[in-house]
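**Student:** So that you have it, the file is entry_38.cif, and it contains mmCIF, C-alpha atoms:
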data_input
#
loop_
_atom_site.label_atom_id
_atom_site.label_comp_id
_atom_site.auth_asym_id
_atom_site.auth_seq_id
_atom_site.Cartn_x
_atom_site.Cartn_y
_atom_site.Cartn_z
CA MET A 102 0.00 0.00 0.00
CA ASN A 103 1.58 3.26 -1.16
CA ASN A 104 0.40 5.93 1.29
CA ASN A 105 1.69 8.65 -1.04
CA LEU A 106 -1.46 8.06 -3.11
CA LEU A 107 -3.55 9.49 -0.26
CA ALA A 108 -2.03 12.98 -0.50
CA LYS A 109 -4.60 15.64 -1.38
CA SER A 110 -2.86 16.61 -4.61
CA ILE A 111 -2.85 12.97 -5.77
CA GLN A 112 -6.47 12.47 -4.81
CA ASP A 113 -7.37 15.63 -6.73
CA TYR A 114 -5.52 14.25 -9.76
CA ILE A 115 -7.37 10.91 -9.52
CA ASN A 116 -10.76 12.64 -9.29
CA ALA A 117 -9.95 14.96 -12.19
CA ASN A 118 -9.02 12.02 -14.43
CA LEU A 119 -11.87 9.60 -13.77
CA ASN A 120 -12.96 9.88 -17.40
CA ALA A 121 -9.47 10.03 -18.89
CA ASP A 122 -7.79 7.32 -20.97
CA VAL A 123 -6.12 5.22 -18.25
CA ASN A 124 -3.96 3.42 -20.82
CA GLN A 125 -2.32 6.70 -21.72
CA ILE A 126 -1.86 7.53 -18.04
CA ALA A 127 -0.30 4.10 -17.38
CA LEU A 128 2.14 4.46 -20.30
CA ALA A 129 3.09 8.09 -19.63
CA LYS A 130 5.60 9.30 -17.07
CA SER A 131 4.10 9.78 -13.63
CA PRO A 132 3.77 13.49 -12.71
CA PHE A 133 4.37 12.63 -9.04
CA GLU A 134 7.51 11.52 -7.26
CA GLY A 135 7.21 8.23 -5.40
CA ILE A 136 4.17 7.12 -7.39
CA ALA A 137 4.27 4.93 -10.50
CA ALA A 138 2.05 5.73 -13.46
CA ALA A 139 0.57 2.22 -13.21
CA GLU A 140 -0.50 2.94 -9.61
CA LEU A 141 -2.33 6.07 -10.70
CA ALA A 142 -4.06 4.15 -13.49
CA THR A 143 -5.15 1.42 -11.05
CA GLN A 144 -6.61 3.93 -8.59
CA ILE A 145 -8.50 5.75 -11.35
CA THR A 146 -9.87 2.56 -12.92
CA ALA A 147 -10.90 0.99 -9.62
CA LYS A 148 -12.55 4.17 -8.36
CA LYS A 149 -14.46 4.61 -11.62
CA LYS A 150 -15.73 1.02 -11.37
CA SER A 151 -16.92 1.78 -7.82
CA GLU A 152 -19.08 4.75 -8.80
CA LYS A 153 -22.33 2.79 -9.12
CA LYS A 154 -21.40 -0.44 -7.40
CA LEU A 155 -19.91 1.16 -4.25
CA PRO A 156 -21.19 4.76 -4.07
CA THR A 157 -20.33 5.12 -0.37
CA TRP A 158 -16.68 4.38 -1.10
CA PHE A 159 -16.71 6.48 -4.26
CA ASN A 160 -18.06 9.52 -2.40
CA THR A 161 -15.81 9.18 0.68
CA LYS A 162 -12.50 11.03 0.85
CA ALA A 163 -9.15 9.21 1.17
CA ILE A 164 -10.36 5.81 -0.01
CA TYR A 165 -7.54 3.56 -1.20
CA TYR A 166 -8.43 1.18 -4.00
CA PRO A 167 -7.03 -2.31 -4.58
CA PRO A 168 -6.38 -3.90 -8.01
CA VAL A 169 -9.47 -3.78 -10.23
CA LEU A 170 -10.13 -7.53 -9.87
CA SER A 171 -10.91 -7.04 -6.17
CA ILE A 172 -13.54 -4.43 -7.05
CA GLU A 173 -15.07 -6.73 -9.65
CA GLN A 174 -15.24 -9.64 -7.20
CA THR A 175 -16.57 -7.75 -4.19
CA SER A 176 -20.24 -7.52 -3.24
CA SER A 177 -22.14 -4.47 -4.35
CA GLU A 178 -23.48 -2.21 -1.62
CA ILE A 179 -27.08 -3.18 -2.34
CA THR A 180 -26.37 -6.91 -1.90
CA ALA A 181 -24.08 -6.34 1.10
CA ALA A 182 -26.80 -4.33 2.84
CA TYR A 183 -29.28 -7.15 2.22
CA LYS A 184 -27.06 -9.94 3.53
CA SER A 185 -26.22 -7.93 6.65
CA LYS A 186 -29.83 -8.50 7.75
CA LEU A 187 -29.11 -12.22 7.94
CA ALA A 188 -26.47 -11.84 10.67
CA LYS A 189 -27.44 -13.18 14.09
CA GLY A 190 -26.24 -12.05 17.51
CA GLU A 191 -23.60 -9.50 18.42
CA THR A 192 -20.35 -10.89 17.03
CA LEU A 193 -19.44 -11.89 13.47
CA ILE A 194 -16.30 -13.04 11.69
CA ASP A 195 -15.80 -12.62 7.96
CA VAL A 196 -13.21 -15.30 7.16
CA THR A 197 -12.71 -14.15 3.55
CA GLY A 198 -12.79 -10.40 4.12
CA GLY A 199 -11.45 -9.07 0.81
CA PHE A 200 -12.02 -5.37 0.14
CA GLY A 201 -14.26 -5.19 3.21
CA VAL A 202 -17.64 -4.20 1.78
CA ASP A 203 -19.55 -7.03 3.48
CA ALA A 204 -17.70 -6.50 6.77
CA TYR A 205 -18.62 -2.80 6.67
CA TYR A 206 -22.32 -3.54 6.32
CA PHE A 207 -22.22 -6.31 8.92
CA SER A 208 -20.63 -3.77 11.29
CA LYS A 209 -23.82 -1.73 11.05
CA LYS A 210 -25.88 -4.69 12.32
CA VAL A 211 -23.71 -6.36 14.96
CA LYS A 212 -21.60 -5.06 17.83
CA ALA A 213 -18.21 -6.42 16.71
CA VAL A 214 -16.85 -7.73 13.40
CA THR A 215 -13.57 -9.55 12.74
CA HIS A 216 -12.25 -9.24 9.18
CA CYS A 217 -9.76 -11.90 8.08
CA GLU A 218 -7.92 -11.54 4.78
CA ILE A 219 -5.00 -13.75 3.76
CA ASN A 220 -3.57 -11.08 1.42
CA PRO A 221 -1.73 -8.68 3.77
CA GLU A 222 -1.90 -5.68 1.41
CA LEU A 223 -5.64 -6.10 0.83
CA SER A 224 -6.12 -6.43 4.60
CA GLU A 225 -4.21 -3.18 5.12
CA ILE A 226 -6.31 -1.45 2.44
CA ALA A 227 -9.57 -2.63 4.01
CA LYS A 228 -8.39 -1.46 7.44
CA HIS A 229 -7.47 1.99 6.14
CA ASN A 230 -10.80 2.38 4.34
CA ALA A 231 -12.75 1.34 7.44
CA GLN A 232 -11.10 4.23 9.28
CA SER A 233 -12.06 6.62 6.47
CA LEU A 234 -15.64 5.29 6.68
CA ASN A 235 -15.70 5.62 10.51
CA ALA A 236 -16.36 1.89 10.95
CA THR A 237 -14.72 1.58 14.35
CA ASN A 238 -16.07 -1.81 15.43
CA ILE A 239 -14.14 -3.92 12.89
CA THR A 240 -10.94 -5.75 13.87
CA PHE A 241 -8.60 -6.65 11.00
CA ARG A 242 -6.40 -9.75 10.85
CA ALA A 243 -4.07 -10.40 7.91
CA GLU A 244 -4.30 -14.19 7.97
CA ASP A 245 -6.24 -17.21 6.74
CA GLY A 246 -9.69 -17.00 8.34
CA ILE A 247 -10.27 -20.76 8.62
CA ALA A 248 -6.82 -21.30 10.14
CA TYR A 249 -7.51 -18.49 12.60
CA LEU A 250 -10.78 -20.11 13.71
CA GLN A 251 -8.97 -23.40 14.27
CA THR A 252 -6.47 -21.82 16.67
CA ILE A 253 -8.74 -19.73 18.90
CA LYS A 254 -11.17 -20.59 21.67
CA GLU A 255 -13.45 -17.64 20.93
CA HIS A 256 -17.02 -18.32 19.77
CA PHE A 257 -18.84 -16.06 17.30
CA ASP A 258 -22.57 -15.64 16.82
CA THR A 259 -22.23 -15.62 13.00
CA ILE A 260 -19.56 -16.70 10.53
CA TYR A 261 -19.60 -15.28 7.01
CA VAL A 262 -17.61 -16.82 4.18
CA ASP A 263 -17.37 -16.04 0.48
CA PRO A 264 -15.37 -18.93 -1.04
CA ALA A 265 -13.67 -18.37 -4.39
CA ARG A 266 -14.03 -20.90 -7.19
CA ARG A 267 -10.66 -22.38 -8.08
CA ALA A 268 -9.46 -21.18 -11.48
CA GLU A 269 -9.02 -24.63 -13.01
CA LYS A 270 -12.71 -25.45 -12.57
CA GLY A 271 -15.23 -24.84 -15.35
CA LYS A 272 -18.62 -23.19 -15.22
CA VAL A 273 -20.28 -26.08 -13.39
CA PHE A 274 -18.81 -26.43 -9.95
CA MET A 275 -19.37 -27.81 -6.47
CA LEU A 276 -18.68 -26.15 -3.15
CA ASN A 277 -15.69 -28.41 -2.56
CA ASP A 278 -14.22 -26.94 -5.76
CA CYS A 279 -13.85 -23.63 -3.91
CA THR A 280 -11.28 -22.04 -1.62
CA PRO A 281 -11.67 -22.25 1.30
CA ASP A 282 -13.26 -25.70 1.17
CA ILE A 283 -16.39 -25.12 3.24
CA VAL A 284 -17.59 -28.72 3.00
CA SER A 285 -14.43 -30.13 4.60
CA ASN A 286 -14.37 -27.42 7.27
CA LEU A 287 -18.09 -27.35 8.06
CA GLU A 288 -17.73 -29.13 11.42
CA THR A 289 -15.11 -26.59 12.52
CA LEU A 290 -17.37 -23.72 11.50
CA LEU A 291 -20.36 -25.19 13.37
CA GLU A 292 -18.23 -25.52 16.50
CA LYS A 293 -17.38 -21.82 16.34
CA ALA A 294 -20.77 -20.24 15.57
CA ASN A 295 -24.51 -20.82 15.77
CA ARG A 296 -25.08 -19.39 12.29
CA ILE A 297 -23.01 -19.63 9.11
CA ILE A 298 -23.72 -17.54 6.02
CA ILE A 299 -22.10 -18.74 2.80
CA LYS A 300 -22.12 -16.63 -0.34
CA THR A 301 -21.75 -18.41 -3.68
CA ALA A 302 -22.11 -17.46 -7.31
CA PRO A 303 -25.64 -18.03 -8.70
CA LEU A 304 -24.17 -20.65 -11.02
CA LEU A 305 -24.07 -23.18 -8.16
CA ASP A 306 -26.89 -25.71 -8.47
CA ILE A 307 -29.22 -25.55 -5.47
CA SER A 308 -29.81 -29.31 -5.29
CA ALA A 309 -26.07 -29.99 -5.51
CA GLY A 310 -25.36 -27.45 -2.77
CA LEU A 311 -27.91 -29.04 -0.46
CA GLN A 312 -26.27 -32.43 -0.99
CA GLU A 313 -22.90 -31.03 0.07
CA LEU A 314 -24.12 -29.00 3.05
CA LYS A 315 -26.28 -29.79 6.05
CA GLN A 316 -28.54 -27.87 8.42
CA VAL A 317 -29.34 -25.31 5.70
CA SER A 318 -32.28 -23.34 7.09
CA GLU A 319 -32.58 -20.83 4.23
CA ILE A 320 -31.29 -20.19 0.74
CA HIS A 321 -31.56 -16.59 -0.45
CA ILE A 322 -31.39 -16.09 -4.23
CA VAL A 323 -30.50 -12.43 -4.72
CA SER A 324 -30.97 -10.55 -7.98
CA VAL A 325 -30.45 -6.90 -8.86
CA LYS A 326 -32.34 -5.45 -11.83
CA ASN A 327 -33.23 -8.90 -13.15
CA GLU A 328 -29.66 -10.23 -12.92
CA CYS A 329 -29.02 -13.03 -10.45
CA LYS A 330 -26.01 -11.92 -8.37
CA GLU A 331 -25.49 -14.43 -5.57
CA LEU A 332 -26.81 -17.29 -3.51
CA LEU A 333 -26.74 -16.99 0.28
CA TRP A 334 -26.80 -20.26 2.20
CA VAL A 335 -27.83 -19.86 5.84
CA ILE A 336 -26.79 -22.74 8.09
CA ASP A 337 -28.13 -22.82 11.64
CA LYS A 338 -26.76 -25.10 14.31
CA GLU A 339 -29.21 -27.87 15.30
CA PHE A 340 -31.56 -27.01 12.41
CA ASP A 341 -33.40 -30.15 11.24
CA GLN A 342 -36.47 -28.86 9.39
CA GLU A 343 -37.24 -28.12 5.76
CA THR A 344 -35.14 -25.59 3.87
CA LYS A 345 -36.84 -22.33 3.00
CA ILE A 346 -36.12 -20.68 -0.36
CA ILE A 347 -36.30 -16.88 -0.62
CA ALA A 348 -36.01 -15.34 -4.09
CA VAL A 349 -35.15 -11.68 -3.55
CA THR A 350 -35.27 -8.90 -6.12
CA LEU A 351 -33.43 -5.70 -5.19
CA ASN A 352 -34.04 -2.61 -7.29
CA SER A 353 -33.24 0.86 -5.95
CA GLU A 354 -35.54 1.28 -2.96
CA VAL A 355 -37.80 -1.66 -3.86
CA GLU A 356 -37.35 -5.14 -2.42
CA LYS A 357 -39.65 -8.03 -3.34
CA ASN A 358 -39.54 -11.53 -1.87
CA PHE A 359 -40.92 -14.83 -3.13
CA THR A 360 -40.69 -17.36 -0.31
CA PHE A 361 -41.53 -21.07 -0.27
CA PHE A 362 -40.47 -24.45 1.07
CA ARG A 363 -38.83 -26.82 -1.40
CA SER A 364 -41.58 -29.42 -1.03
CA SER A 365 -44.14 -26.98 -2.44
CA ALA A 366 -42.13 -26.08 -5.56
CA ASP A 367 -43.81 -28.72 -7.77
CA SER A 368 -47.37 -27.52 -7.29
CA SER A 369 -49.96 -27.80 -10.05
CA VAL A 370 -50.44 -24.96 -12.49
CA GLN A 371 -53.20 -23.75 -14.77
CA PHE A 372 -52.55 -22.92 -18.42
CA ALA A 373 -54.01 -20.10 -20.45
CA ASP A 374 -56.45 -21.08 -23.20
CA GLY A 375 -55.24 -18.14 -25.24
CA LEU A 376 -54.02 -14.56 -25.12
CA ALA A 377 -56.10 -11.47 -25.69
CA THR A 378 -55.34 -7.86 -26.54
CA GLY A 379 -55.44 -5.79 -23.37
CA ASP A 380 -54.35 -8.66 -21.12
CA TYR A 381 -51.03 -8.66 -19.31
CA LEU A 382 -47.94 -10.80 -19.76
CA TYR A 383 -45.77 -11.64 -16.74
CA GLU A 384 -42.07 -12.55 -16.99
CA PRO A 385 -40.56 -13.76 -13.67
CA ASP A 386 -37.39 -12.14 -12.37
CA ALA A 387 -34.12 -14.07 -12.70
CA ALA A 388 -34.18 -14.92 -8.97
CA LEU A 389 -37.59 -16.61 -9.32
CA LEU A 390 -36.40 -18.58 -12.32
CA LYS A 391 -33.28 -19.72 -10.43
CA SER A 392 -35.52 -20.99 -7.62
CA GLY A 393 -37.02 -23.59 -9.95
CA ALA A 394 -40.54 -23.02 -8.62
CA PHE A 395 -41.95 -22.50 -12.09
CA ASN A 396 -45.47 -23.73 -11.38
CA LEU A 397 -45.71 -22.22 -7.89
CA ILE A 398 -45.21 -18.77 -9.40
CA GLY A 399 -48.53 -19.12 -11.22
CA SER A 400 -50.60 -20.23 -8.23
CA THR A 401 -48.99 -17.69 -5.89
CA TYR A 402 -49.79 -14.69 -8.08
CA ASP A 403 -52.98 -16.14 -9.62
CA ILE A 404 -51.64 -15.98 -13.17
CA LEU A 405 -51.89 -18.53 -15.98
CA LYS A 406 -48.90 -20.19 -17.60
CA LEU A 407 -48.48 -20.08 -21.37
CA HIS A 408 -46.83 -23.51 -21.87
CA PRO A 409 -45.10 -26.15 -19.68
CA GLN A 410 -41.68 -25.06 -20.97
CA THR A 411 -42.49 -21.37 -21.39
CA GLN A 412 -41.79 -19.45 -18.20
CA LEU A 413 -44.24 -16.70 -19.09
CA PHE A 414 -47.64 -16.08 -17.53
CA THR A 415 -50.72 -14.05 -18.28
CA SER A 416 -53.65 -12.42 -16.53
CA ALA A 417 -56.42 -9.94 -17.26
CA THR A 418 -55.30 -7.86 -14.26
CA VAL A 419 -52.09 -6.21 -13.03
CA ASN A 420 -50.38 -7.25 -9.80
CA LYS A 421 -47.44 -4.91 -9.20
CA ASP A 422 -46.25 -7.01 -6.26
CA PHE A 423 -45.06 -9.52 -8.86
CA PRO A 424 -41.24 -9.76 -8.92
CA GLY A 425 -40.48 -9.36 -12.60
CA ARG A 426 -41.50 -7.59 -15.77
CA ILE A 427 -45.13 -6.97 -16.72
CA PHE A 428 -46.18 -6.18 -20.28
CA LYS A 429 -49.48 -5.02 -21.70
CA ILE A 430 -50.43 -7.15 -24.72
CA GLU A 431 -51.21 -5.05 -27.78
CA THR A 432 -51.38 -7.72 -30.49
CA VAL A 433 -51.01 -11.50 -30.71
CA LEU A 434 -49.76 -12.74 -34.08
CA THR A 435 -49.18 -16.08 -35.73
CA THR A 436 -45.88 -16.61 -37.54
CA ASN A 437 -47.63 -16.26 -40.89
CA ASP A 438 -49.27 -12.98 -39.89
CA PHE A 439 -45.99 -11.64 -38.57
CA LYS A 440 -44.20 -12.35 -41.86
CA LYS A 441 -46.55 -9.93 -43.64
CA LEU A 442 -45.63 -6.94 -41.45
CA GLU A 443 -43.17 -4.24 -42.50
CA ASN A 444 -41.14 -1.56 -40.72
CA LEU A 445 -40.93 -3.66 -37.55
CA LYS A 446 -39.61 -2.07 -34.37
CA GLY A 447 -39.08 -3.40 -30.87
CA ASN A 448 -36.88 -5.20 -28.37
CA VAL A 449 -36.87 -8.89 -29.29
CA ILE A 450 -37.43 -11.43 -26.50
CA VAL A 451 -37.32 -15.17 -27.19
CA ARG A 452 -38.86 -17.65 -24.75
CA ASN A 453 -39.25 -21.28 -25.87
CA TYR A 454 -39.18 -20.39 -29.56
CA PRO A 455 -37.05 -22.14 -32.23
CA ALA A 456 -34.82 -19.19 -33.13
CA LYS A 457 -32.24 -16.85 -31.61
CA PRO A 458 -33.03 -13.16 -31.03
CA GLU A 459 -30.19 -11.95 -33.27
CA ASP A 460 -31.35 -14.21 -36.09
CA LEU A 461 -34.92 -12.93 -35.82
CA VAL A 462 -33.75 -9.31 -35.86
CA LYS A 463 -31.78 -9.98 -39.02
CA LYS A 464 -34.47 -12.08 -40.72
CA TYR A 465 -37.32 -9.60 -40.17
CA LYS A 466 -35.16 -6.43 -40.25
CA ILE A 467 -36.38 -5.37 -36.83
CA LYS A 468 -35.20 -1.96 -35.64
CA ALA A 469 -34.57 -1.30 -31.96
CA ASP A 470 -37.26 0.50 -29.94
CA GLN A 471 -37.02 1.00 -26.17
CA ASN A 472 -40.77 1.14 -25.59
CA GLN A 473 -42.00 -1.63 -27.87
CA PHE A 474 -41.40 -5.35 -27.33
CA LEU A 475 -41.73 -8.30 -29.68
CA ILE A 476 -41.97 -11.51 -27.67
CA PHE A 477 -41.50 -14.75 -29.60
CA THR A 478 -42.86 -17.70 -27.63
CA LYS A 479 -45.03 -20.82 -27.56
CA ILE A 480 -48.49 -21.36 -26.04
CA ALA A 481 -50.13 -24.42 -24.49
CA ASN A 482 -51.41 -25.91 -27.76
CA GLY A 483 -47.83 -25.94 -29.12
CA GLU A 484 -48.34 -23.02 -31.49
CA ASN A 485 -45.53 -20.49 -31.95
CA ILE A 486 -46.75 -16.92 -31.60
CA ILE A 487 -45.42 -13.37 -31.51
CA ILE A 488 -46.71 -10.89 -28.95
CA LYS A 489 -46.44 -7.17 -29.54
CA ALA A 490 -46.43 -5.50 -26.12
CA SER A 491 -45.48 -2.43 -24.15
CA ILE A 492 -43.80 -2.66 -20.77
CA ILE A 493 -45.52 -1.31 -17.66
CA GLN A 494 -43.20 -2.72 -14.96
CA TYR A 495 -39.50 -3.53 -15.20
CA TYR A 496 -38.92 -5.10 -11.78
#
I'd like the structure from this file rewritten - as structure tokens, please.

**Tutor:**
Amino acid sequence: MNNNLLAKSIQDYINANLNADVNQIALAKSPFEGIAAAELATQITAKKKSEKKLPTWFNTKAIYYPPVLSIEQTSSEITAAYKSKLAKGETLIDVTGGFGVDAYYFSKKVKAVTHCEINPELSEIAKHNAQSLNATNITFRAEDGIAYLQTIKEHFDTIYVDPARRAEKGKVFMLNDCTPDIVSNLETLLEKANRIIIKTAPLLDISAGLQELKQVSEIHIVSVKNECKELLWVIDKEFDQETKIIAVTLNSEVEKNFTFFRSSADSSVQFADGLATGDYLYEPDAALLKSGAFNLIGSTYDILKLHPQTQLFTSATVNKDFPGRIFKIETVLTTNDFKKLENLKGNVIVRNYPAKPEDLVKKYKIKADQNQFLIFTKIANGENIIIKASIIQYY
């Protein structure tokens, strides 16, 4: 950590060049003694990437930024604030502390937080930034969090861990493919806390995760603006009941939850006989789709499914509590009718239709239009249709 970067003149330079070409800055001679051009470029790039993802850090003076990869891998503020509500008790240890965003938000909910980070420079950076953010109840340890737990007698109310997937693994992975290996160390963790919160990438299969873990009381599927961001596995000591699934959509000031027990996911569903102009089309948020409760969505919100493999629903009424997009149907067209149209405009959406969006845009010469949507899909009788619609709810 180069403390020279925290000087006011350097910070002014960083702020003045947030929109500059960082490649030119990195290749040019540094205008400051004791600071490499590459260091300036890193600070500028990392701060710029934090503007929307970490606005508290971006807007706080004297924040020191790590390499850009750490910013890309860290939780966003909106997801960190959500997961902080899952902490139990007064003490928490973050065994994979990283840049410290999660630890900062946990510190707002519990009395004392311990931040462990095996990379000593990143630990030093997180400690410095906590001081700048006035987070005075976080203790920083530059060491392996699991190893630290194994050597102390102290008990925590909550343990938080964000394991990293090992680089040699492909897209499909198991928890024991990650570092630290939570599965192998689960007994140790349960000896040291009553609650464990594990963050994983949304790519992890829920059924596979439940086979590897035990005493999982809740799984939170968190999405932001219809993009699934993370899975949060809550393990409670002595828990022996059914796992609850909570699909959470976070959008600005709006939070919507879809909660169910796994045993109720395969409920029956009713299908729409047809679609009519003036009705509404419902597209579930990414978190709902990740939950796998495709039929339960219909019965919960009293909406009709279009087709067994089409995760779209319809209703004659609007329910704005629905977590996902809602469209107003303007026209329903057969493929033959659609072929006759000219000067087509709209955002193309494909759901259970035998073509790719880009191919359809090219084939029918469809021009982009932010307000109009062309939804290519299939209905219960197996017919392919195209729905012209306008959007009335994004999230």

**Student:** In Å to one decimal, how far is CA of Ala182 in chain A from CA of Pro385 in chain A?

**Tutor:**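 The value is 23.5 Å.
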
**Student:** Apply the PyMOL selection byres ((chain A and resi 299-301) around 7) to the file shown and report the selected residues as a list in words.

**Tutor:**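 Matching residues under the PyMOL selection byres ((chain A and resi 299-301) around 7) are Tyr261, Val262, Asp263, Pro264, Ile297, Ile298, Ala302, Pro303, Leu305, Glu331, Leu332, Leu333, Trp334 and Val335 of chain A.
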
**Student:** For the file shown, report as a count of residues only the outcome of the PyMOL selection byres ((chain A and resi 119-126) around 9) at residue level.

**Tutor:** 19

**Student:** May I have the protein, DNA and RNA residues with any atom at most 10 Å from the point (-18.5, -15.8, 15.3), counting all atoms listed in the file, written as a list in words?

**Tutor:**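 Those within range, by chain then number, are Lys189, Gly190, Glu191, Thr192, Leu193, Ile194, Asp195, Val196, Ala213, Val214, Thr215, Leu250, Glu255, His256, Phe257, Asp258, Thr259, Ile260, Tyr261, Leu290, Leu291, Glu292, Lys293, Ala294, Asn295, Arg296 and Ile297 of chain A.
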
**Student:** Any idea what's packed within 6 Å of range 428-438 of chain A, counting only C-alpha atoms, ignoring anything in its chain fewer than 5 positions away? Could you give it as JSON, numbers by chain?

**Tutor:** {"A": [378, 379, 380, 381, 382, 486, 487, 488, 489, 490, 491, 492, 493]}

**Student:** Quick one: residues within 12 Å of (-7.6, -6.4, -5.3) (file frame), counting only C-alpha atoms, please, as number ranges by chain.

**Tutor:** A: 102, 143-144, 146-147, 165-175, 198-201, 218-227

**Student:** Check what the PyMOL selection byres ((chain A and resi 277) around 10) selects in the file above and give those residues as a list in words.

**Tutor:**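 What the PyMOL selection byres ((chain A and resi 277) around 10) grabs from the file is Pro264, Arg266, Arg267, Phe274, Met275, Leu276, Asp278, Cys279, Thr280, Pro281, Asp282, Ile283, Val284, Ser285, Asn286, Gly310 and Glu313 of chain A.
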
**Student:** Could you list, as a PyMOL selection string, every residue within 8 Å of Ser400 in chain A, counting only C-alpha atoms and ignoring same-chain residues fewer than 3 positions away?

**Tutor:** chain A and resi 369-371+396-397+403-404

**Student:** How many Å separate CA of Lys479 in chain A from CA of Leu461 in chain A?

**Tutor:** 15.3 Å

**Student:** For Leu187 in chain A, which of A:Glu140, A:Asp337, A:Asp306, A:Glu244 is the closest residue, counting all atoms listed in the file?

**Tutor:**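 Of all the options, A:Asp337 lies closest to Leu187 in chain A.
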
**Student:** Near Asp367 in chain A, counting only C-alpha atoms, which residues have an atom at most 12 Å away, once you skip same-chain residues fewer than 6 positions from it, shown as a PyMOL selection string?

**Tutor:** chain A and resi 361+392-400

**Student:** In Å, with one decimal, what is the gap from CA of Phe362 in chain A to CA of Glu319 in chain A?

**Tutor:**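 Atom-to-atom, CA of Phe362 in chain A to CA of Glu319 in chain A, that is 9.2 Å.
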
**Student:** Rank nothing, just name the residue among A:Pro458, A:Asn420, A:Thr478, A:Asn104 nearest to Lys406 in chain A, using only C-alpha atoms.

**Tutor:**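 Comparing A:Pro458, A:Asn420, A:Thr478, A:Asn104 against Lys406 in chain A, the winner is A:Thr478.
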
**Student:** Kindly indicate which residue among A:Val317, A:Ala456, A:Leu407, A:Ala163 lies nearest to Tyr383 in chain A, using all atoms listed in the file for the distances.

**Tutor:** A:Leu407
